[in-house]
Structures are given as structure tokens and as C-alpha cells.
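A.B. asks: Contents of upload-v3.txt (compact mmCIF, C-alpha atoms and all ligand atoms):
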# COMPACT_ATOMS: atom_id res chain seq x y z
CA MET A 78 -32.50 289.23 111.08
CA ALA A 79 -33.27 285.65 110.03
CA ASN A 80 -30.34 283.80 108.49
CA ALA A 81 -31.96 283.51 105.06
CA ASP A 82 -32.57 287.30 104.89
CA LEU A 83 -29.07 288.03 106.13
CA HIS A 84 -27.66 285.77 103.43
CA ILE A 85 -29.65 287.44 100.66
CA ASP A 86 -28.63 290.91 101.85
CA LEU A 87 -25.01 289.85 102.18
CA ARG A 88 -24.93 288.28 98.73
CA THR A 89 -26.47 291.38 97.17
CA ALA A 90 -24.02 293.71 98.91
CA VAL A 91 -20.90 291.66 98.00
CA ARG A 92 -22.15 291.30 94.44
CA GLU A 93 -22.56 295.06 94.19
CA LEU A 94 -19.02 295.63 95.48
CA CYS A 95 -17.57 293.05 93.08
CA SER A 96 -19.40 294.57 90.12
CA ARG A 97 -17.03 297.55 90.48
CA PHE A 98 -14.16 295.18 89.61
CA PRO A 99 -14.95 293.80 86.16
CA ASP A 100 -13.25 291.00 84.22
CA SER A 101 -10.78 293.45 82.72
CA TYR A 102 -9.52 294.38 86.22
CA TRP A 103 -8.63 290.75 87.03
CA ARG A 104 -7.32 290.06 83.52
CA GLU A 105 -4.83 292.93 83.69
CA LEU A 106 -3.60 291.85 87.12
CA ASP A 107 -3.14 288.32 85.84
CA ALA A 108 -1.07 289.53 82.90
CA LYS A 109 1.14 291.62 85.20
CA GLU A 110 1.14 289.02 88.03
CA ALA A 111 0.06 291.91 90.25
CA TYR A 112 -1.83 291.87 93.54
CA PRO A 113 -5.45 293.16 93.57
CA GLU A 114 -4.57 295.93 96.01
CA GLU A 115 -7.57 298.15 95.27
CA PHE A 116 -10.06 295.28 95.46
CA ILE A 117 -8.60 294.05 98.76
CA ARG A 118 -8.67 297.55 100.22
CA THR A 119 -12.31 297.96 99.24
CA LEU A 120 -13.27 294.55 100.64
CA THR A 121 -11.39 295.29 103.87
CA GLU A 122 -12.95 298.72 104.30
CA ALA A 123 -16.39 297.18 103.86
CA GLY A 124 -15.50 294.85 106.77
CA TYR A 125 -15.92 291.61 104.84
CA LEU A 126 -12.51 290.15 105.62
CA ALA A 127 -13.22 290.55 109.36
CA ALA A 128 -16.36 288.41 109.11
CA LEU A 129 -15.06 285.70 111.45
CA ILE A 130 -13.51 288.00 114.08
CA PRO A 131 -15.79 288.47 117.11
CA GLU A 132 -17.50 291.85 117.46
CA ALA A 133 -15.75 292.48 120.79
CA LEU A 134 -12.43 292.37 118.90
CA GLY A 135 -13.53 294.65 116.09
CA GLY A 136 -14.89 292.13 113.60
CA SER A 137 -18.45 291.39 112.53
CA GLY A 138 -18.79 288.10 114.45
CA LEU A 139 -20.44 286.25 111.59
CA GLY A 140 -20.44 282.49 111.06
CA ILE A 141 -18.61 280.39 108.51
CA ALA A 142 -21.83 280.25 106.45
CA GLU A 143 -21.71 284.03 105.95
CA ALA A 144 -17.94 284.14 105.46
CA SER A 145 -18.27 281.48 102.79
CA ILE A 146 -20.97 283.46 100.98
CA ILE A 147 -18.60 286.44 100.77
CA LEU A 148 -15.83 284.39 99.12
CA GLU A 149 -18.28 282.52 96.88
CA GLU A 150 -19.57 285.83 95.53
CA VAL A 151 -16.05 287.11 94.84
CA ASN A 152 -15.35 284.05 92.69
CA ARG A 153 -18.82 284.10 91.19
CA SER A 154 -18.11 287.64 89.99
CA GLY A 155 -15.05 286.47 88.03
CA GLY A 156 -12.57 287.52 90.73
CA ASN A 157 -10.25 285.37 92.78
CA SER A 158 -10.68 285.08 96.56
CA ALA A 159 -7.28 283.42 96.83
CA ALA A 160 -5.83 286.92 97.10
CA CYS A 161 -7.56 287.46 100.42
CA HIS A 162 -9.26 284.34 101.81
CA ALA A 163 -6.38 283.71 104.19
CA GLN A 164 -6.93 287.06 105.96
CA MET A 165 -10.31 285.65 106.93
CA TYR A 166 -9.23 282.32 108.34
CA ILE A 167 -5.57 282.28 109.35
CA MET A 168 -6.41 284.47 112.32
CA GLY A 169 -8.55 281.56 113.61
CA THR A 170 -5.42 279.97 115.15
CA LEU A 171 -4.72 283.20 117.01
CA LEU A 172 -8.35 283.54 118.05
CA ARG A 173 -8.66 279.99 119.40
CA HIS A 174 -5.19 279.41 120.82
CA GLY A 175 -3.58 282.83 121.30
CA SER A 176 -3.18 284.40 124.74
CA GLU A 177 -5.50 287.22 125.90
CA ALA A 178 -2.65 289.67 125.26
CA GLN A 179 -2.01 288.37 121.71
CA ARG A 180 -5.71 288.40 120.81
CA GLY A 181 -6.24 291.89 122.25
CA HIS A 182 -3.16 293.25 120.49
CA TYR A 183 -3.48 291.71 117.03
CA LEU A 184 -7.10 290.89 116.27
CA PRO A 185 -8.55 294.44 116.33
CA GLN A 186 -5.77 295.54 113.99
CA ILE A 187 -6.38 292.55 111.71
CA ALA A 188 -10.10 293.34 111.75
CA SER A 189 -9.52 296.95 110.70
CA GLY A 190 -7.03 295.91 108.02
CA ALA A 191 -4.22 297.84 109.73
CA LEU A 192 -2.37 294.52 109.88
CA ARG A 193 -2.52 291.77 107.31
CA LEU A 194 -2.09 288.22 108.55
CA GLN A 195 -2.50 286.26 105.36
CA ALA A 196 0.65 284.17 105.05
CA PHE A 197 0.85 280.67 106.46
CA GLY A 198 4.16 278.78 106.30
CA VAL A 199 3.71 275.03 106.39
CA THR A 200 4.81 273.35 103.13
CA GLU A 201 8.47 272.45 102.63
CA PRO A 202 10.23 271.34 99.45
CA THR A 203 11.37 267.95 100.69
CA THR A 204 8.40 266.92 102.85
CA GLY A 205 5.32 268.07 100.95
CA THR A 206 2.05 266.80 102.37
CA ASP A 207 3.85 264.76 105.04
CA THR A 208 3.85 267.77 107.37
CA THR A 209 5.25 266.04 110.44
CA GLN A 210 8.53 265.43 108.59
CA MET A 211 9.20 269.16 108.23
CA LYS A 212 12.82 270.19 108.67
CA THR A 213 12.48 273.83 109.67
CA MET A 214 13.68 274.05 113.28
CA ALA A 215 13.00 276.71 115.89
CA VAL A 216 15.52 276.33 118.71
CA ARG A 217 14.88 278.16 121.95
CA ARG A 218 17.64 280.53 123.15
CA GLY A 219 16.47 282.49 126.20
CA ASP A 220 13.47 284.64 125.26
CA ARG A 221 13.86 283.92 121.51
CA TYR A 222 13.50 281.09 119.04
CA VAL A 223 16.21 280.87 116.41
CA VAL A 224 14.69 279.57 113.19
CA ASN A 225 16.54 277.79 110.38
CA GLY A 226 15.06 276.06 107.37
CA GLN A 227 13.05 276.60 104.21
CA LYS A 228 9.41 276.75 103.12
CA VAL A 229 7.94 276.67 99.65
CA TRP A 230 4.73 277.88 98.04
CA ILE A 231 4.07 280.36 100.80
CA SER A 232 1.51 282.73 99.36
CA ARG A 233 0.94 286.44 99.93
CA VAL A 234 4.10 286.96 102.02
CA ALA A 235 4.77 290.20 100.15
CA HIS A 236 1.23 291.35 100.97
CA SER A 237 1.26 290.50 104.67
CA ASP A 238 2.59 292.10 107.82
CA LEU A 239 2.44 288.87 109.77
CA MET A 240 2.94 285.21 108.97
CA LEU A 241 2.02 282.10 110.94
CA LEU A 242 4.96 279.76 110.78
CA VAL A 243 4.89 276.09 111.71
CA ALA A 244 8.30 274.78 112.75
CA ARG A 245 9.76 271.92 114.75
CA THR A 246 10.71 272.87 118.29
CA THR A 247 11.58 269.29 119.29
CA PRO A 248 13.45 267.08 116.82
CA LEU A 249 11.44 264.19 115.35
CA GLU A 250 13.77 261.62 116.97
CA GLU A 251 12.93 262.98 120.43
CA VAL A 252 9.11 262.85 120.29
CA LYS A 253 6.89 259.87 121.05
CA LYS A 254 4.42 260.66 118.28
CA ARG A 255 5.46 262.32 115.02
CA THR A 256 2.62 264.85 115.44
CA GLU A 257 4.28 266.19 118.60
CA GLY A 258 7.05 268.77 118.77
CA LEU A 259 5.72 271.26 116.20
CA SER A 260 4.96 274.81 117.25
CA VAL A 261 3.22 277.82 115.72
CA LEU A 262 5.06 281.15 115.71
CA LEU A 263 3.74 284.53 114.68
CA VAL A 264 6.47 286.12 112.57
CA ASP A 265 6.46 289.88 112.14
CA LEU A 266 7.46 290.09 108.48
CA ARG A 267 8.25 293.79 108.73
CA GLU A 268 11.14 292.94 111.06
CA ALA A 269 12.02 289.48 109.76
CA ILE A 270 12.59 290.10 106.06
CA GLY A 271 16.22 291.03 105.56
CA HIS A 272 17.06 289.96 109.14
CA GLY A 273 17.21 286.19 108.87
CA MET A 274 14.35 285.72 106.41
CA THR A 275 14.64 285.88 102.61
CA VAL A 276 11.70 285.71 100.22
CA ARG A 277 11.87 284.66 96.57
CA PRO A 278 8.83 284.83 94.28
CA ILE A 279 7.80 281.68 92.38
CA ARG A 280 6.55 282.22 88.87
CA ALA A 281 3.51 279.99 88.52
CA MET A 282 0.61 279.03 86.28
CA ILE A 283 -1.67 281.35 88.22
CA ASN A 284 -1.29 284.77 89.77
CA HIS A 285 -1.05 283.69 93.40
CA ALA A 286 1.79 285.74 94.91
CA SER A 287 3.52 282.55 96.06
CA THR A 288 7.07 282.48 97.34
CA GLU A 289 9.96 280.41 98.58
CA VAL A 290 11.07 281.45 102.02
CA PHE A 291 14.47 280.86 103.64
CA PHE A 292 15.29 281.18 107.33
CA ASP A 293 18.88 281.72 108.37
CA ASN A 294 19.06 282.29 112.14
CA LEU A 295 15.81 284.26 112.15
CA GLU A 296 15.01 285.34 115.71
CA VAL A 297 11.38 285.23 116.85
CA PRO A 298 10.43 286.28 120.39
CA VAL A 299 9.07 283.43 122.52
CA ASP A 300 6.15 285.76 123.28
CA ASN A 301 5.12 285.31 119.64
CA ARG A 302 4.46 281.61 120.04
CA ILE A 303 0.77 280.80 119.69
CA GLY A 304 -0.45 278.34 122.31
CA GLU A 305 1.71 275.66 123.88
CA GLU A 306 5.07 274.60 122.60
CA GLY A 307 4.90 271.30 120.73
CA GLN A 308 1.14 271.44 120.09
CA GLY A 309 1.30 273.11 116.68
CA PHE A 310 0.05 270.13 114.70
CA ARG A 311 -3.16 270.06 116.74
CA TYR A 312 -3.67 273.80 116.13
CA LEU A 313 -3.05 273.24 112.43
CA LEU A 314 -5.70 270.52 112.17
CA ASP A 315 -8.08 272.63 114.18
CA GLY A 316 -8.21 275.32 111.49
CA LEU A 317 -8.68 272.96 108.57
CA ASN A 318 -12.45 272.57 108.60
CA ALA A 319 -12.97 276.32 108.24
CA GLU A 320 -10.48 276.41 105.38
CA ARG A 321 -12.13 273.45 103.62
CA ILE A 322 -15.61 275.03 103.82
CA LEU A 323 -14.42 278.42 102.57
CA ILE A 324 -12.53 276.90 99.65
CA ALA A 325 -15.56 274.75 98.80
CA ALA A 326 -17.63 277.94 98.59
CA GLU A 327 -15.04 279.55 96.30
CA CYS A 328 -15.26 276.53 94.02
CA VAL A 329 -19.06 276.78 94.00
CA GLY A 330 -18.65 280.44 93.00
CA ASP A 331 -16.24 279.46 90.23
CA GLY A 332 -18.57 276.69 89.07
CA ARG A 333 -21.52 279.06 88.81
CA TRP A 334 -19.42 281.63 86.98
CA PHE A 335 -18.35 279.02 84.43
CA ILE A 336 -21.87 277.73 83.91
CA ASP A 337 -23.24 281.27 83.43
CA ARG A 338 -20.58 281.90 80.81
CA ALA A 339 -21.04 278.53 79.10
CA CYS A 340 -24.82 279.03 78.86
CA ARG A 341 -24.49 282.55 77.56
CA TYR A 342 -22.03 281.50 74.86
CA ALA A 343 -23.99 278.34 73.96
CA ARG A 344 -27.12 280.42 73.41
CA ASP A 345 -25.39 283.08 71.29
CA ARG A 346 -22.84 281.21 69.22
CA VAL A 347 -24.37 280.07 65.95
CA VAL A 348 -22.64 277.35 63.92
CA PHE A 349 -24.27 275.22 61.20
CA GLY A 350 -27.21 277.62 61.32
CA ARG A 351 -28.18 277.10 64.96
CA PRO A 352 -27.00 277.98 68.48
CA ILE A 353 -24.40 275.45 69.58
CA GLY A 354 -26.36 275.00 72.83
CA GLN A 355 -29.14 273.37 70.83
CA ASN A 356 -26.82 270.41 70.30
CA GLN A 357 -27.07 267.91 73.11
CA GLY A 358 -23.33 267.30 72.81
CA ILE A 359 -22.86 270.85 74.13
CA GLN A 360 -25.99 271.18 76.28
CA PHE A 361 -25.76 268.00 78.35
CA PRO A 362 -22.22 268.49 79.71
CA ILE A 363 -23.23 271.99 80.84
CA ALA A 364 -26.39 270.62 82.45
CA ARG A 365 -24.40 267.86 84.19
CA SER A 366 -21.82 270.26 85.56
CA HIS A 367 -24.63 272.48 86.85
CA VAL A 368 -26.10 269.47 88.69
CA ASN A 369 -22.71 268.71 90.25
CA VAL A 370 -22.06 272.29 91.36
CA GLU A 371 -25.49 272.51 93.01
CA ALA A 372 -25.01 269.13 94.74
CA ALA A 373 -21.59 270.24 96.04
CA ASP A 374 -23.20 273.43 97.32
CA LEU A 375 -25.62 271.41 99.47
CA MET A 376 -22.70 269.62 101.13
CA ARG A 377 -20.97 272.95 101.70
CA ILE A 378 -24.15 274.36 103.31
CA ARG A 379 -24.44 271.27 105.53
CA ALA A 380 -20.80 271.50 106.60
CA ALA A 381 -21.21 275.21 107.39
CA GLU A 382 -24.35 274.56 109.47
CA LEU A 383 -22.56 271.92 111.54
CA PHE A 384 -19.49 274.15 111.95
CA ASP A 385 -21.55 277.15 113.08
CA ASP A 386 -23.48 274.91 115.46
CA GLY A 387 -20.21 273.82 117.09
CA GLN A 388 -20.63 270.20 115.96
CA SER A 389 -17.91 268.06 114.44
CA CYS A 390 -17.86 268.48 110.69
CA GLY A 391 -14.57 266.98 109.50
CA ALA A 392 -16.28 264.53 107.16
CA GLU A 393 -18.69 267.09 105.72
CA ALA A 394 -16.05 269.83 105.35
CA ASN A 395 -13.74 267.46 103.48
CA MET A 396 -16.53 266.06 101.31
CA ALA A 397 -17.67 269.59 100.48
CA LYS A 398 -14.15 270.58 99.41
CA LEU A 399 -13.73 267.47 97.27
CA LEU A 400 -17.14 267.73 95.59
CA ALA A 401 -16.90 271.46 94.99
CA ALA A 402 -13.33 271.32 93.63
CA ASP A 403 -14.31 268.51 91.28
CA ALA A 404 -17.47 270.32 90.20
CA SER A 405 -15.72 273.61 89.49
CA TRP A 406 -13.00 271.82 87.53
CA GLU A 407 -15.62 269.93 85.52
CA ALA A 408 -17.47 273.19 84.85
CA ALA A 409 -14.18 274.81 83.79
CA ASN A 410 -13.44 272.05 81.32
CA VAL A 411 -16.95 272.04 79.90
CA THR A 412 -16.86 275.80 79.48
CA MET A 413 -13.50 275.60 77.70
CA GLN A 414 -15.00 273.08 75.30
CA THR A 415 -18.14 275.16 74.79
CA TYR A 416 -16.07 278.19 73.81
CA GLY A 417 -14.10 276.24 71.22
CA GLY A 418 -10.95 278.10 70.20
CA PHE A 419 -12.10 281.32 71.89
CA GLY A 420 -11.79 279.62 75.29
CA PHE A 421 -8.04 279.98 74.84
CA ALA A 422 -8.16 283.71 74.17
CA GLU A 423 -7.32 285.79 77.23
CA GLU A 424 -10.02 288.35 76.50
CA TYR A 425 -12.81 285.87 77.37
CA ASP A 426 -11.35 285.09 80.83
CA ILE A 427 -12.16 281.38 80.53
CA GLU A 428 -8.53 280.30 80.37
CA ARG A 429 -7.68 282.49 83.40
CA LYS A 430 -10.47 281.07 85.57
CA PHE A 431 -9.66 277.59 84.22
CA ARG A 432 -6.10 277.93 85.52
CA GLU A 433 -7.26 279.45 88.80
CA THR A 434 -9.84 276.80 89.67
CA ARG A 435 -7.44 273.97 88.80
CA LEU A 436 -5.46 274.82 91.92
CA TYR A 437 -8.14 273.37 94.18
CA GLN A 438 -7.40 269.83 93.01
CA THR A 439 -3.99 270.28 94.66
CA ALA A 440 -3.98 273.02 97.29
CA PRO A 441 -4.47 273.66 100.12
CA ILE A 442 -4.99 269.91 100.23
CA SER A 443 -4.84 267.53 97.31
CA THR A 444 -7.77 265.35 96.31
CA ASN A 445 -5.97 262.12 97.23
CA LEU A 446 -5.37 263.30 100.75
CA ILE A 447 -9.07 264.07 101.21
CA LEU A 448 -9.93 260.60 99.94
CA ALA A 449 -7.40 259.17 102.41
CA TYR A 450 -9.11 261.12 105.22
CA ILE A 451 -12.54 259.80 104.21
CA GLY A 452 -11.18 256.24 103.82
CA GLN A 453 -9.40 256.15 107.13
CA HIS A 454 -11.40 258.41 109.43
CA VAL A 455 -14.94 258.09 108.10
CA LEU A 456 -14.98 254.56 106.67
CA ASP A 457 -12.46 253.05 109.11
CA LEU A 458 -10.37 251.53 106.33
CA PRO A 459 -6.72 250.64 107.00
CA ARG A 460 -4.31 253.58 107.11
CA SER A 461 -2.19 253.94 103.98
CA PHE A 462 0.41 256.22 105.60
C1 LIG A 501 -0.35 278.20 94.15
C2 LIG A 501 -0.07 277.48 95.43
C3 LIG A 501 -0.20 278.16 96.64
C4 LIG A 501 0.12 277.53 97.84
N1 LIG A 501 0.06 278.25 99.02
C5 LIG A 501 0.55 277.68 100.17
C6 LIG A 501 0.67 278.46 101.35
O1 LIG A 501 0.33 279.65 101.40
N2 LIG A 501 1.21 277.87 102.45
C7 LIG A 501 1.63 276.56 102.47
O2 LIG A 501 2.11 276.09 103.50
N3 LIG A 501 1.51 275.80 101.34
C8 LIG A 501 0.98 276.32 100.20
N4 LIG A 501 0.90 275.57 99.06
C9 LIG A 501 1.36 274.19 99.07
C10 LIG A 501 0.24 273.19 98.96
O3 LIG A 501 -0.48 273.11 100.16
C11 LIG A 501 0.89 271.86 98.56
O4 LIG A 501 1.39 272.01 97.23
C12 LIG A 501 -0.06 270.73 98.62
O5 LIG A 501 -0.43 270.49 99.96
C13 LIG A 501 0.58 269.46 98.06
O6 LIG A 501 1.87 269.27 98.56
P1 LIG A 501 3.10 269.01 97.56
O7 LIG A 501 3.03 270.02 96.51
O8 LIG A 501 4.35 268.93 98.33
O9 LIG A 501 2.75 267.61 96.95
P2 LIG A 501 3.25 266.18 97.46
O10 LIG A 501 2.96 266.03 98.93
O11 LIG A 501 4.64 265.99 96.99
O12 LIG A 501 2.27 265.22 96.65
C14 LIG A 501 2.36 265.11 95.23
C15 LIG A 501 1.17 264.31 94.75
O13 LIG A 501 1.21 263.00 95.31
C16 LIG A 501 0.00 262.73 95.99
N5 LIG A 501 0.31 261.94 97.20
C17 LIG A 501 1.27 262.14 98.13
N6 LIG A 501 1.22 261.20 99.08
C18 LIG A 501 0.19 260.38 98.75
C19 LIG A 501 -0.37 259.20 99.36
N7 LIG A 501 0.10 258.68 100.49
N8 LIG A 501 -1.43 258.62 98.73
C20 LIG A 501 -1.92 259.10 97.58
N9 LIG A 501 -1.43 260.20 96.96
C21 LIG A 501 -0.39 260.83 97.55
C22 LIG A 501 -0.59 264.07 96.37
O14 LIG A 501 -2.00 263.98 96.50
C23 LIG A 501 -0.16 264.93 95.17
O15 LIG A 501 -1.12 264.80 94.15
C24 LIG A 501 0.53 276.17 97.84
C25 LIG A 501 0.63 275.48 96.63
C26 LIG A 501 0.35 276.12 95.44
C27 LIG A 501 0.52 275.36 94.16
Using C-alpha cells, write down the structure from this file.
Ligand SMILES: Cc1cc2nc3c(=O)[nH]c(=O)nc-3n(C[C@H](O)[C@H](O)[C@H](O)COP(=O)(O)OP(=O)(O)OC[C@H]3O[C@@H](n4cnc5c(N)ncnc54)[C@H](O)[C@@H]3O)c2cc1C

C.D. replies:
Amino acid sequence: MANADLHIDLRTAVRELCSRFPDSYWRELDAKEAYPEEFIRTLTEAGYLAALIPEALGGSGLGIAEASIILEEVNRSGGNSAACHAQMYIMGTLLRHGSEAQRGHYLPQIASGALRLQAFGVTEPTTGTDTTQMKTMAVRRGDRYVVNGQKVWISRVAHSDLMLLVARTTPLEEVKKRTEGLSVLLVDLREAIGHGMTVRPIRAMINHASTEVFFDNLEVPVDNRIGEEGQGFRYLLDGLNAERILIAAECVGDGRWFIDRACRYARDRVVFGRPIGQNQGIQFPIARSHVNVEAADLMRIRAAELFDDGQSCGAEANMAKLLAADASWEAANVTMQTYGGFGFAEEYDIERKFRETRLYQTAPISTNLILAYIGQHVLDLPRSF
């Protein structure tokens, strides 16, 4: 099947699935801070979360272009891919750097949904974006690592069986480069929680199932290390382009959802005897945000093409994420304004999506850090850190 046909068919199928989960479904979950268990089960059973796993390992062996269409459509429907996007891409570290035995054991089970690997432990309270300064240590004792430390904002831990943990295996003072000495461990949460690992939910502005995680002599078998010891930072960077492209697509989905809603409301809402959308003060901001969402989408498509073609795409993936996050946030703001006071009422879902799409200015990477990447690595400007 030609790519264009595949994409149309895929879009239609995901849209149909999402239509079974209306606004009210997401609104009620948001109010209860509950996980979209039924939606995730349905998406998993349809095979969509295994899009990036090769067919030989039980997945559908699709490209990032197709994976990104799936997540875009979830957000376009009014849902929130953040509940499941990580199941799609975290396994990439295992796929690219895991041993034959690890891949053969875990990936078919992740593809079928029997195992959920959708927690990724990187951020720490005192180091933030400066990842190489992380304090969590994994010290080798025989055939185990003993882990001590703390992570923050680790999402979906309560809805995962496995977590990828990044920890220092060589202290910072003993490495030549600060990017050395970090390692990636696959933590089996079913064994770890209550046996050296404690999880505390964080109440937040959005329903994101985020937690604080504490390690107190947690033991992880050395066999659960992914790739070489000390090379974790490289593996981390390696997965970022996929993440950037997928998040960009989610933002495009959000942007289109907002613009659909804004247009609908601007056509129907009559004030001073005419639809508010007839006023250029309402119409032009919507038109401008539409232009920006569509432009961001082109960069996302370009980044996905390069990625699927095996070419370097760091610049394009980062630019796509920045443009799409800005465009969805602009569309959110414009839609809020278009709805007037009703934008604040939960029953219209604008305020919920507004809160949800705001995240992408900050996580998984903040806007400033993308600009720093573009400045330093694309434009060869002096490093600022
Ligand atoms: C809902 C949610 C879910 C998350 N899920 C996960 C998860 O599953 N796993 C995980 O590991 N992390 C997760 N995170 C963490 C997220 O990746 C970080 O919050 C994000 O990377 C920013 O780090 P920080 O919060 O420590 O901000 P900081 O690093 O403290 O930065 C604060 C601000 O200062 C700016 N800043 C810092 N340094 C510079 C500089 N040199 N130049 C210019 N500006 C700078 C940043 O851009 C940011 O705006 C999540 C966060 C949230 C809010």
C-alpha cells in the first residue's frame, strides 16, 4: 500500500476508535484524576501502541510517520496521548541497545500489551534539565546493582510493569566527561515497589499520573542493564528524536482540535446581533493559529520522513516540537478567548485541553532547551552551558 493510502486508512481507523471515547469520558477522568484504562486497553488490543515494534517481535513494524499519526488523532479527538505515548517509544532504547535475550523476552510482551513499559525515570528534584548532574547512584555488588536516590515527575509508574531508570554507575568526579558514567536499568516495578522503591503521587495541574520515586537500596539484577555500563547518556539522546516527533504530532492534533472548536463556537455564538466569528478581532487570531499549526505540521512531516529514511533529523525533530508546541498553545489561548467566559467551564473541555497542551512548553523538554540546541548545534553559536 502506498504511504499516502496507508496514512488515510490509519487516520480513519484511529478516528473511529477514538469516537467511542467522547469528551465526557476524558472530562470525567480528569475530574477524578483517573487513568484512561479502557481507552488504553482498546488502543493496545487494536495494536496501535506496538506500531514501532518490528513485526518479527510481535509489533506492526510501522515508521515514526505512522506512529505519529496515531497519537495526533488521539489528541485531535479530544483525548490525551500522554497516557500512552511512552508505551510506543520508551521501548526504543530496549530495541536499539538491548541484548538479543532482552529483546526476545520483553518486546513481544510489550507488543501484546501483556507488559507495560511506559515509565522513564530521568528527572531529579535538584538537577532538573542538567541530567548529567543526577545524584541517583547504582552501585554494583556482584550480580546486582544497589540503587539509592530520588526521581521526580516520573509519569505512569502506577500503570507500568517496567520502568527504564537512568542512574549514575560511576561518580561524576571519576569520569572524564560529565556525559559518561550513566547507565540505563530496566526495573521490574512489580518486584521493586515495596522492596527498595517507594512511589508517591504528585497532584498536578493536569491528569498525568506523575509521581515522586524514592530508591532505598533497591536491588536490580545486572542482567537488567540495557547496553553497556556508562553509556546511558548516549542511549538517552538516541531516543529523543522519536519522542520529539511524536510529541509534535500530539500538539498538531491538539491545535486542530482547538481550531475546530473555536470555529464552531465563533460561527454559532451570536452577540450584538451577529456571529462573533464575523468580527475580525475573533476571526483573525483563529486564522493565524490555523496557519501556525499547519506550518508546524509540515516540519513534523519532514522530520518524520528523515527519521524513517534513517537520516539525521535532530534539527528538524527539535524544530517540529518547538513549532508545534507553540502553535498548539497559541490555538489553546485563542480558543479560550473565543469562548469568552464559557471557556472556563469544564463542560466545554477547553480549559482541560488548555491545561493539557500547556505541558509541552515544559516537558519532556522545555522550549529554552530546544532553542539552546538549535543555537549551539545547528547555528554553531557559543555554548551557554
Ligand atoms: C506533568 C509532567 C510529567 C513529566 N514526566 C516525566 C517523566 O515521565 N520522566 C522524567 O524523567 N521527567 C518527567 N518530567 C520532567 C520534565 O522532563 C522536566 O520538568 C523538564 O525537563 C524541565 O525540568 P525541570 O522541571 O527540572 O526544570 P529546570 O531544569 O529546573 O528548568 C526550569 C526553567 O528554567 C529553564 N532553564 C534551565 N536552564 C536553562 C538555561 N541554561 N538556559 C535557559 N533556560 C534554562 C528551563 O527551560 C525551564 O523553563 C515531567 C514533568 C511534568 C511537569

A.B. asks: Give me, as a PyMOL selection string, the set of residues whose atoms come within 7 Å of any atom of ligand LIG 501 (chain A), counting only C-alpha atoms and all ligand atoms.

C.D. replies: chain A and resi 196-202+204-207+229-233+283+285+287+436+439-446+461-462

A.B. asks: Just how far from CA of Ile85 in chain A is CA of Arg321 in chain A, in Å to one decimal?

C.D. replies: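 Spanning CA of Arg321 in chain A to CA of Ile85 in chain A is a straight-line distance of 22.6 Å.
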
A.B. asks: When you count all atoms listed in the file, which of these residues is closest to Ile279 in chain A: A:Leu83, A:Leu263, A:Glu110, A:Arg218?

C.D. replies: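 Selected residue with least distance to Ile279 in chain A: A:Glu110.
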
A.B. asks: Just want the 9 Å neighbourhood of Thr256 in chain A, counted on only C-alpha atoms, with same-chain residues fewer than 2 positions away dropped. Output as a list in words.

C.D. replies: Thr208, Thr209, Leu249, Val252, Lys253, Lys254, Gly258, Leu259, Gly307, Gln308, Gly309, Phe310 and Arg311 of chain A

A.B. asks: Residues near Leu87 in chain A, anyone? I mean within 8 Å using all atoms listed in the file, not counting same-chain ones fewer than 6 positions away, as number ranges by chain.

C.D. replies: A: 143, 146-147

A.B. asks: Calculate, to one decimal in Å, the centre and edge lengths of the box along x, y and z of the file that holds all listed atoms of range 246-253 of chain A with 4 Å of margin on each side, and present them as lines of an AutoDock Vina configuration file.

C.D. replies:
center_x = 10.3
center_y = 266.4
center_z = 118.2
size_x = 14.9
size_y = 21.0
size_z = 13.7

A.B. asks: At what distance in Å, to one decimal, does CA of Glu305 in chain A lie from CA of Leu323 in chain A?

C.D. replies: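 About the pair CA of Leu323 in chain A and CA of Glu305 in chain A: they are 26.9 Å apart.
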
A.B. asks: Neighbouring residues of Asp403 in chain A were defined as those with any atom within 10 Å, considering all atoms listed in the file; residues of the same chain fewer than 6 positions away were excluded. Please report them as an mmCIF file with C-alpha atoms, keeping the file's coordinate frame.

C.D. replies:
data_model
loop_
_atom_site.group_PDB
_atom_site.id
_atom_site.type_symbol
_atom_site.label_atom_id
_atom_site.label_comp_id
_atom_site.auth_asym_id
_atom_site.auth_seq_id
_atom_site.Cartn_x
_atom_site.Cartn_y
_atom_site.Cartn_z
ATOM 1 C CA ALA A 325 -15.560 274.750 98.800
ATOM 2 C CA CYS A 328 -15.260 276.530 94.020
ATOM 3 C CA VAL A 329 -19.060 276.780 94.000
ATOM 4 C CA GLY A 332 -18.570 276.690 89.070
ATOM 5 C CA SER A 366 -21.820 270.260 85.560
ATOM 6 C CA ASN A 369 -22.710 268.710 90.250
ATOM 7 C CA VAL A 370 -22.060 272.290 91.360
ATOM 8 C CA ALA A 373 -21.590 270.240 96.040
ATOM 9 C CA ALA A 397 -17.670 269.590 100.480
ATOM 10 C CA ALA A 409 -14.180 274.810 83.790
ATOM 11 C CA THR A 434 -9.840 276.800 89.670
ATOM 12 C CA ARG A 435 -7.440 273.970 88.800
ATOM 13 C CA TYR A 437 -8.140 273.370 94.180
ATOM 14 C CA GLN A 438 -7.400 269.830 93.010
ATOM 15 C CA THR A 444 -7.770 265.350 96.310
#

A.B. asks: Using all atoms listed in the file for the distances, tell me which of A:Glu251, A:Gly175, A:Ile378, A:Asn225 is nearest to Asn301 in chain A.

C.D. replies: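 Ranked by minimum distance to Asn301 in chain A, first place goes to A:Gly175.
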
A.B. asks: Near Glu424 in chain A, within 12 Å and counting only C-alpha atoms, which residues show up once chain neighbours fewer than 2 positions away are dropped, as a VMD selection string?

C.D. replies: chain A and resid 100 to 105 107 to 108 419 to 422 426 to 430

A.B. asks: With only C-alpha atoms as the atoms that count, which of A:Leu266, A:Leu295, A:Met168, A:Met282 lies nearest to Thr213 in chain A?

C.D. replies: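 That would be A:Leu295, the residue with the smallest distance to Thr213 in chain A.
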
A.B. asks: Calculate how many Å separate CA of Asp337 in chain A from CA of Leu106 in chain A, rounding to one decimal.

C.D. replies: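 Taking CA of Asp337 in chain A as the start and CA of Leu106 in chain A as the end point, the length is 22.6 Å.
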
A.B. asks: Identify, on the basis of only C-alpha atoms, every residue whose closest approach to range 151-153 of chain A does not exceed 12 Å; exclude the query and any residue fewer than 3 positions from it along the same chain; express the result as a PyMOL selection string.

C.D. replies: chain A and resi 87-100+103+116-117+120+125-126+144-148+156-162+323-338+405+430+433-434

A.B. asks: Using all atoms listed in the file, which of the listed residues (A:Ile130, A:Ala286, A:Ile187, A:Ala380) sits closest to Lys109 in chain A?

C.D. replies: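 Closest residue, counting all atoms listed in the file: A:Ala286.
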
A.B. asks: From the set A:Glu382, A:Gly271, A:Gln179, A:Ala364, which residue has the shortest atom-to-atom contact distance to Ala404 in chain A, counting all atoms listed in the file?

C.D. replies: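 Under the stated criterion, the closest residue is A:Ala364.
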